[in-house]
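Colleague: This structure is in structure tokens; I'll ask about it shortly.
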Amino acid sequence: MTPLDAVAARPDPFRLADGEPGAEPPSSPDRGRGPVALASKYSRIFRIALIERMTYRGDFLFGTVLRFLPIVTTILLWRAIYEGSGQTELGGFRYREMVAYLLLTNISRMFSSMPGLAAGIAREVREGTLKRYMVQPLDLVGYLLASRVAHKVAYISMAFLPYAGLFYVCRGYFDGFPDALTLAAYAVSLILAFLVGFFFEATVGMVGFWFLEVTSILYIVMTLNYFISGHMLPLDLLPQPWAGILKVLPFQYMAYFPAVVFLGKVQGWSLVMHLALELAWAVAFMVLARVLYKVGLKRYSAFGG
Amino acid sequence: MSIIEVADLSKTYRVFQKKDGFIGALRGLYHREYKEVRAVERISFRIEEGEMVAFLGPNGAGKTTTLKMLSGLVVPTAGEARVLDYVPAERADPFRRQFALVMGQKNQLWWDLPAGDSFQLLREIYSIPRARFDKTLSELVELLGVERLTRQAVRELSLGERMKMELIAALLHGPRLLLLDEPTIGLDVVAQAAIQKCLRDYHESRGVTMLLTSHYMRDVEALCRRVIVITRGTLVYDGPLKGIVERFGETKLLRLQFEDDAPEDLARFGEVVRREGPAADIRIDRGRVSEVLGALLNDYALADVSVVDPPLEEVIAKVFEEARLAHDAA
């Protein structure tokens with residue numbers, strides 16, 4: 001019997017007896033509107049993205065370890081700078097604090113960096129895989145957010161041990177552990193850093209609706225971000241008015257801000273205000289990403305999909 | 001209510017004209033020239049619930065653009081489309097829950113995961129009750145003979161197996177309307193037949209409406225009674241498959257079997273397509289069948305004669321070619 005005959009020989013499997021649970025109309029459009037269904041949908045996306053991440057765990061671990069190498073050279077560089085300058089304090093940072101700051105910005109970036117997000121959106125537009133989100137009752141931004149949270153959870157839990165080891169080795173650079181309240185504020189600032197980072201990159205990715213090739217734009221944005229987020233050095237080191245300007249912009253929340261919260265350099269009202277501002281930026285980018293997505297889709301479907 | 005109603009639907013794209021060479025590319029930076037391409041021009045048709053319709057036309061005829069307009073991916077420039085009583089371009093959620101679009105060259109399954117995981121995701125996306133999902137999935141998996149493959153990463157599947165998974169993915173939520181763009185492209189004959197069989201069975205039992213484009217006449221003959229032919233964005237035929245041959249097939253094929261070797265002067269009756277030993281095929285105009293047959297029977301000793309329509313593919317190719325010539329002349 002050929003495979004074809006085998007297919008043909010089967011009884012019709014779609015015929016449903018009346019009263020069977022499956023015999024309802026093929027699809028009822030009103031299903032799945034409630035918040036529970038919605039939460040369930042995006043938690044499924046989360047779970048699947050998590051499994052997908054785990055398929056490449058070798059690459060994953062390797063990438064994590066590789067990230068430590070630049071940290072070592074940065075520490076050596078700053079030691080040379082402090083020794084050369086002959087000063088004990090630069091921009092309000094002592095040498096030990098400076099190293100602690102730079103280690104902490106790595107934690108900030110662990111939350112706020114979104115490798116491949118903007119480029120991924122642009123690719124979906126260019127290659128037409130975006131259609132899927134247009135045809136199915138599925139929202140692109142929500143989908144990307146759920147899978148990005150999954151990626152982050154996978155990444156952070158796998159990188160936890162290596163990072164704990166690194167911080168243990170470098171414990172001499174820290175003045176003990178911050179108090180519980182500061183730690184709580186730090187946690188909040190990191191979660192918001194994730195949201196600011198996510199919606200910022202999503203916004204950048206939407207540019208793909210207008211320009212087919214976005215690699216160079218992305219390169220400029222990411223390089224600039226490395227500097228203006230304070231990942232490279234504390235913003236306090238810059239002369240005025242630059243330091244002041246950069247501290248109003250959203251980019252500091254992706255690296256600088258959580259680090260100085262941990263170091264206890266922002267406290268009291270100033271801390272509360274900055275957390276509120278960080279939230280406001282997250283919301284602003286969320287709205288911007290959504291608006292650009294809507295306008296972009298309109299353009300996309302006018303130009304041929 | 002018709003499931004698809006299309007009236008004077010048109011789509012015009014603006015395409016950027018790129019100049020040759022480096023200087024041309026530089027000039028393009030400042031001064032862009034656009035050309036208007038009329039992909040679809042004022043086509044109208046209706047499709048009733050439960051119909052299975054094939055959409056035929058050469059490459060670039062506007063088939064895919066029309067499917068995209070029907071599924072809400074492309075906004076029409078003019079005219080009106082109503083699908084399942086919705087305006088597709090608005091992409092309302094209830095509308096999106098009731099149809100599926102399968103594009104033979106695009107995949108919607110997660111590449112690195114087993115298809116089974118993608119199916120679970122679709123269950124959530126479409127909020128399909130678990131009992132119904134399990135039932136539908138096991139039926140589809142059995143019908144397509146892919147029981148053992150749902151736990152294998154999609155990237156490890158063959159093209160045919162992947163297409164079957166795509167089809168399952170599209171049918172899980174029980175769509176009322178299925179739009180298929182080249183569902184069997186690149187597949188071998190066995191896989192093609194399996195896909196056709198699945199579509200036919202599904203159609204018969206669920207009464208789902210289907211509109212499909214294909215370049216394989218085999219698909220069309222196996223599945224659709226009605227065909228819509230468009231060339232260069234315009235609708236040139238809408239009716240039963242057989243009608244195409246009657247309407248556009250201007251010739252007939254005479255299959256002759258002589259008692260002795262076939263004579264050499266057959267060209268005086270019509271175009272000799274084949275001459276081997278006692279057998280010969282001649283193509284003649286429709287209107288001359290009786291006249292030519294009479295003359296042949298008069299002049300030669302014939303063992304057997306049959307008059308057949310030319311192959312569908314040939315007729316369609318001719319329809320396409322004529323449309324092209326007419327368009328170029330205009």
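Chain labels A, B, ... are given in the sequence in which chains occur in the structure tokens; within each chain residues are numbered consecutively from 1, and ligands are likewise numbered from 1 in the order shown.
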Residues of chain B no more than 6 Å from chain A, counting only C-alpha atoms: send them over as a PyMOL selection string.
Modeller: chain B and resi 73-75+93-94+96-97+124-125+127+132+139+174+205
Colleague: With N, CA and C atoms retained, could you export that selection as a PDB file, in the first residue's frame?
Modeller:
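Okay, part.pdb is ready:
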```pdb
ATOM      1  N   LEU B  73      -4.343  42.326   4.227  1.00  0.00           N
ATOM      2  CA  LEU B  73      -2.927  42.701   4.241  1.00  0.00           C
ATOM      3  C   LEU B  73      -2.672  43.926   3.382  1.00  0.00           C
ATOM      4  N   VAL B  74      -3.512  44.098   2.375  1.00  0.00           N
ATOM      5  CA  VAL B  74      -3.323  45.200   1.446  1.00  0.00           C
ATOM      6  C   VAL B  74      -4.635  45.975   1.348  1.00  0.00           C
ATOM      7  N   VAL B  75      -4.511  47.294   1.406  1.00  0.00           N
ATOM      8  CA  VAL B  75      -5.704  48.134   1.302  1.00  0.00           C
ATOM      9  C   VAL B  75      -5.958  48.429  -0.176  1.00  0.00           C
ATOM     10  N   ASP B  93     -10.728  41.805  14.977  1.00  0.00           N
ATOM     11  CA  ASP B  93     -10.398  40.509  15.566  1.00  0.00           C
ATOM     12  C   ASP B  93     -11.399  39.402  15.222  1.00  0.00           C
ATOM     13  N   PRO B  94     -12.703  39.674  15.332  1.00  0.00           N
ATOM     14  CA  PRO B  94     -13.657  38.613  14.987  1.00  0.00           C
ATOM     15  C   PRO B  94     -13.500  38.142  13.536  1.00  0.00           C
ATOM     16  N   ARG B  96     -10.604  38.143  11.909  1.00  0.00           N
ATOM     17  CA  ARG B  96      -9.361  37.374  11.819  1.00  0.00           C
ATOM     18  C   ARG B  96      -9.486  35.975  12.421  1.00  0.00           C
ATOM     19  N   ARG B  97     -10.481  35.800  13.309  1.00  0.00           N
ATOM     20  CA  ARG B  97     -10.666  34.484  13.898  1.00  0.00           C
ATOM     21  C   ARG B  97     -11.364  33.522  12.960  1.00  0.00           C
ATOM     22  N   GLU B 124      -3.715  29.118  21.913  1.00  0.00           N
ATOM     23  CA  GLU B 124      -3.885  30.289  22.768  1.00  0.00           C
ATOM     24  C   GLU B 124      -4.261  31.517  21.950  1.00  0.00           C
ATOM     25  N   ILE B 125      -3.592  31.680  20.804  1.00  0.00           N
ATOM     26  CA  ILE B 125      -3.856  32.870  19.992  1.00  0.00           C
ATOM     27  C   ILE B 125      -5.328  32.919  19.584  1.00  0.00           C
ATOM     28  N   SER B 127      -7.692  31.143  21.108  1.00  0.00           N
ATOM     29  CA  SER B 127      -8.515  30.713  22.247  1.00  0.00           C
ATOM     30  C   SER B 127      -9.408  29.535  21.898  1.00  0.00           C
ATOM     31  N   ARG B 132     -11.735  20.627  22.078  1.00  0.00           N
ATOM     32  CA  ARG B 132     -11.914  20.717  20.623  1.00  0.00           C
ATOM     33  C   ARG B 132     -10.581  20.755  19.907  1.00  0.00           C
ATOM     34  N   GLU B 139      -7.251  14.539  14.555  1.00  0.00           N
ATOM     35  CA  GLU B 139      -7.854  14.212  13.258  1.00  0.00           C
ATOM     36  C   GLU B 139      -6.959  14.659  12.107  1.00  0.00           C
ATOM     37  N   GLY B 174     -10.551  26.099  12.981  1.00  0.00           N
ATOM     38  CA  GLY B 174     -11.802  25.869  12.265  1.00  0.00           C
ATOM     39  C   GLY B 174     -12.269  27.073  11.479  1.00  0.00           C
ATOM     40  N   SER B 205     -16.510  17.702   4.462  1.00  0.00           N
ATOM     41  CA  SER B 205     -17.143  17.473   5.754  1.00  0.00           C
ATOM     42  C   SER B 205     -17.478  18.767   6.482  1.00  0.00           C
TER      43      SER B 205
END
```
Colleague: Quick one: residues within 9 Å of Arg200 (chain B), only C-alpha atoms counted, chain neighbours fewer than 5 positions away excluded, as a ChimeraX atom specification?
Modeller: /B:195,205,222-223
Colleague: Please dump the current selection as a short mmCIF file (atom, residue, chain, number, x, y, z; two decimals), in the first residue's frame; keep N, CA and C atoms.
Modeller:
```cif
data_model
loop_
_atom_site.label_atom_id
_atom_site.label_comp_id
_atom_site.auth_asym_id
_atom_site.auth_seq_id
_atom_site.Cartn_x
_atom_site.Cartn_y
_atom_site.Cartn_z
N ILE B 195 -1.94 16.67 0.14
CA ILE B 195 -2.49 17.99 0.48
C ILE B 195 -3.86 18.16 -0.18
N SER B 205 -16.51 17.70 4.46
CA SER B 205 -17.14 17.47 5.75
C SER B 205 -17.48 18.77 6.48
N ALA B 222 -8.30 18.62 -9.41
CA ALA B 222 -8.66 17.76 -8.29
C ALA B 222 -9.63 18.44 -7.34
N LEU B 223 -9.59 19.77 -7.27
CA LEU B 223 -10.30 20.43 -6.18
C LEU B 223 -11.47 21.31 -6.60
#
```
Colleague: With distances taken over only C-alpha atoms, which residue among B:Ile128, B:Ala100, B:Ile168, B:Ala7 lies nearest Thr209 (chain B)?
Modeller: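 Among the listed residues, B:Ala100 lies closest to Thr209 (chain B).
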Colleague: Extract, using only C-alpha atoms, all DNA, RNA and protein residues at most 8 Å from region 244-250 of chain B, discarding same-chain residues fewer than 6 positions from it, and format them as JSON, numbers by chain.
Modeller: {"B": [237, 285, 286, 309, 310, 312, 315, 316, 319]}
Colleague: Can you tell me which residues surround Gly186 (chain B) at a distance of at most 8 Å, considering only C-alpha atoms, apart from same-chain residues fewer than 2 positions away, and format the answer as a ChimeraX atom specification?
Modeller: /B:159,184,188
Colleague: Include N, CA and C atoms and write out the residues we just selected as a compact mmCIF listing (two decimals), in the first residue's frame.
Modeller:
```
# COMPACT_ATOMS: atom_id res chain seq x y z
N LEU B 159 10.23 19.54 3.01
CA LEU B 159 9.33 20.60 2.56
C LEU B 159 7.87 20.13 2.60
N THR B 184 0.82 24.05 -2.92
CA THR B 184 1.60 22.84 -3.24
C THR B 184 2.88 23.17 -3.97
N ASP B 188 6.53 17.27 -4.14
CA ASP B 188 6.50 16.13 -5.07
C ASP B 188 5.06 15.66 -5.23
```
Colleague: Where does DSSP see alpha helix (DSSP H) in region 11-55 of chain B, if you list the residues as a list in words?
Modeller: Gly21, Phe22, Ile23, Gly24, Ala25, Leu26, Arg27, Gly28, Leu29 and Tyr30 of chain B
Colleague: How far is it from CA of Phe16 (chain B) to CA of Gly296 (chain A), in Å with one decimal?
Modeller: 18.4 Å
Colleague: Find the spatial neighbours of Val295 (chain A), counting only C-alpha atoms, within a cut-off of 12 Å - ignore same-chain residues fewer than 5 positions away - and output them as number ranges by chain.
Modeller: A: 206-210, 288-290, 300-302
Colleague: Keeping N, CA and C atoms, export the residues of the selection given above as a PDB file, in the first residue's frame.
Modeller:
```
ATOM      1  N   MET A 206      10.514  50.258  14.489  1.00  0.00           N
ATOM      2  CA  MET A 206       9.393  50.652  13.629  1.00  0.00           C
ATOM      3  C   MET A 206       9.859  51.511  12.448  1.00  0.00           C
ATOM      4  N   VAL A 207      11.055  52.085  12.580  1.00  0.00           N
ATOM      5  CA  VAL A 207      11.625  52.855  11.469  1.00  0.00           C
ATOM      6  C   VAL A 207      11.711  51.977  10.214  1.00  0.00           C
ATOM      7  N   GLY A 208      11.818  50.669  10.440  1.00  0.00           N
ATOM      8  CA  GLY A 208      11.869  49.732   9.325  1.00  0.00           C
ATOM      9  C   GLY A 208      10.698  49.839   8.364  1.00  0.00           C
ATOM     10  N   PHE A 209       9.588  50.395   8.821  1.00  0.00           N
ATOM     11  CA  PHE A 209       8.455  50.598   7.922  1.00  0.00           C
ATOM     12  C   PHE A 209       8.774  51.647   6.861  1.00  0.00           C
ATOM     13  N   TRP A 210       9.697  52.571   7.198  1.00  0.00           N
ATOM     14  CA  TRP A 210       9.998  53.672   6.274  1.00  0.00           C
ATOM     15  C   TRP A 210      11.295  53.467   5.499  1.00  0.00           C
ATOM     16  N   LEU A 288       4.651  55.730  21.779  1.00  0.00           N
ATOM     17  CA  LEU A 288       5.300  56.059  20.517  1.00  0.00           C
ATOM     18  C   LEU A 288       5.440  54.816  19.624  1.00  0.00           C
ATOM     19  N   ALA A 289       5.875  53.702  20.230  1.00  0.00           N
ATOM     20  CA  ALA A 289       6.041  52.469  19.463  1.00  0.00           C
ATOM     21  C   ALA A 289       4.710  52.040  18.862  1.00  0.00           C
ATOM     22  N   ARG A 290       3.639  52.154  19.678  1.00  0.00           N
ATOM     23  CA  ARG A 290       2.309  51.751  19.213  1.00  0.00           C
ATOM     24  C   ARG A 290       1.827  52.624  18.052  1.00  0.00           C
ATOM     25  N   TYR A 300       2.378  50.142   5.181  1.00  0.00           N
ATOM     26  CA  TYR A 300       2.744  48.820   4.691  1.00  0.00           C
ATOM     27  C   TYR A 300       1.635  48.236   3.819  1.00  0.00           C
ATOM     28  N   SER A 301       0.404  48.332   4.318  1.00  0.00           N
ATOM     29  CA  SER A 301      -0.681  47.719   3.556  1.00  0.00           C
ATOM     30  C   SER A 301      -1.059  48.556   2.340  1.00  0.00           C
ATOM     31  N   ALA A 302      -0.665  49.816   2.321  1.00  0.00           N
ATOM     32  CA  ALA A 302      -0.921  50.616   1.126  1.00  0.00           C
ATOM     33  C   ALA A 302       0.110  50.297   0.055  1.00  0.00           C
TER      34      ALA A 302
END
```
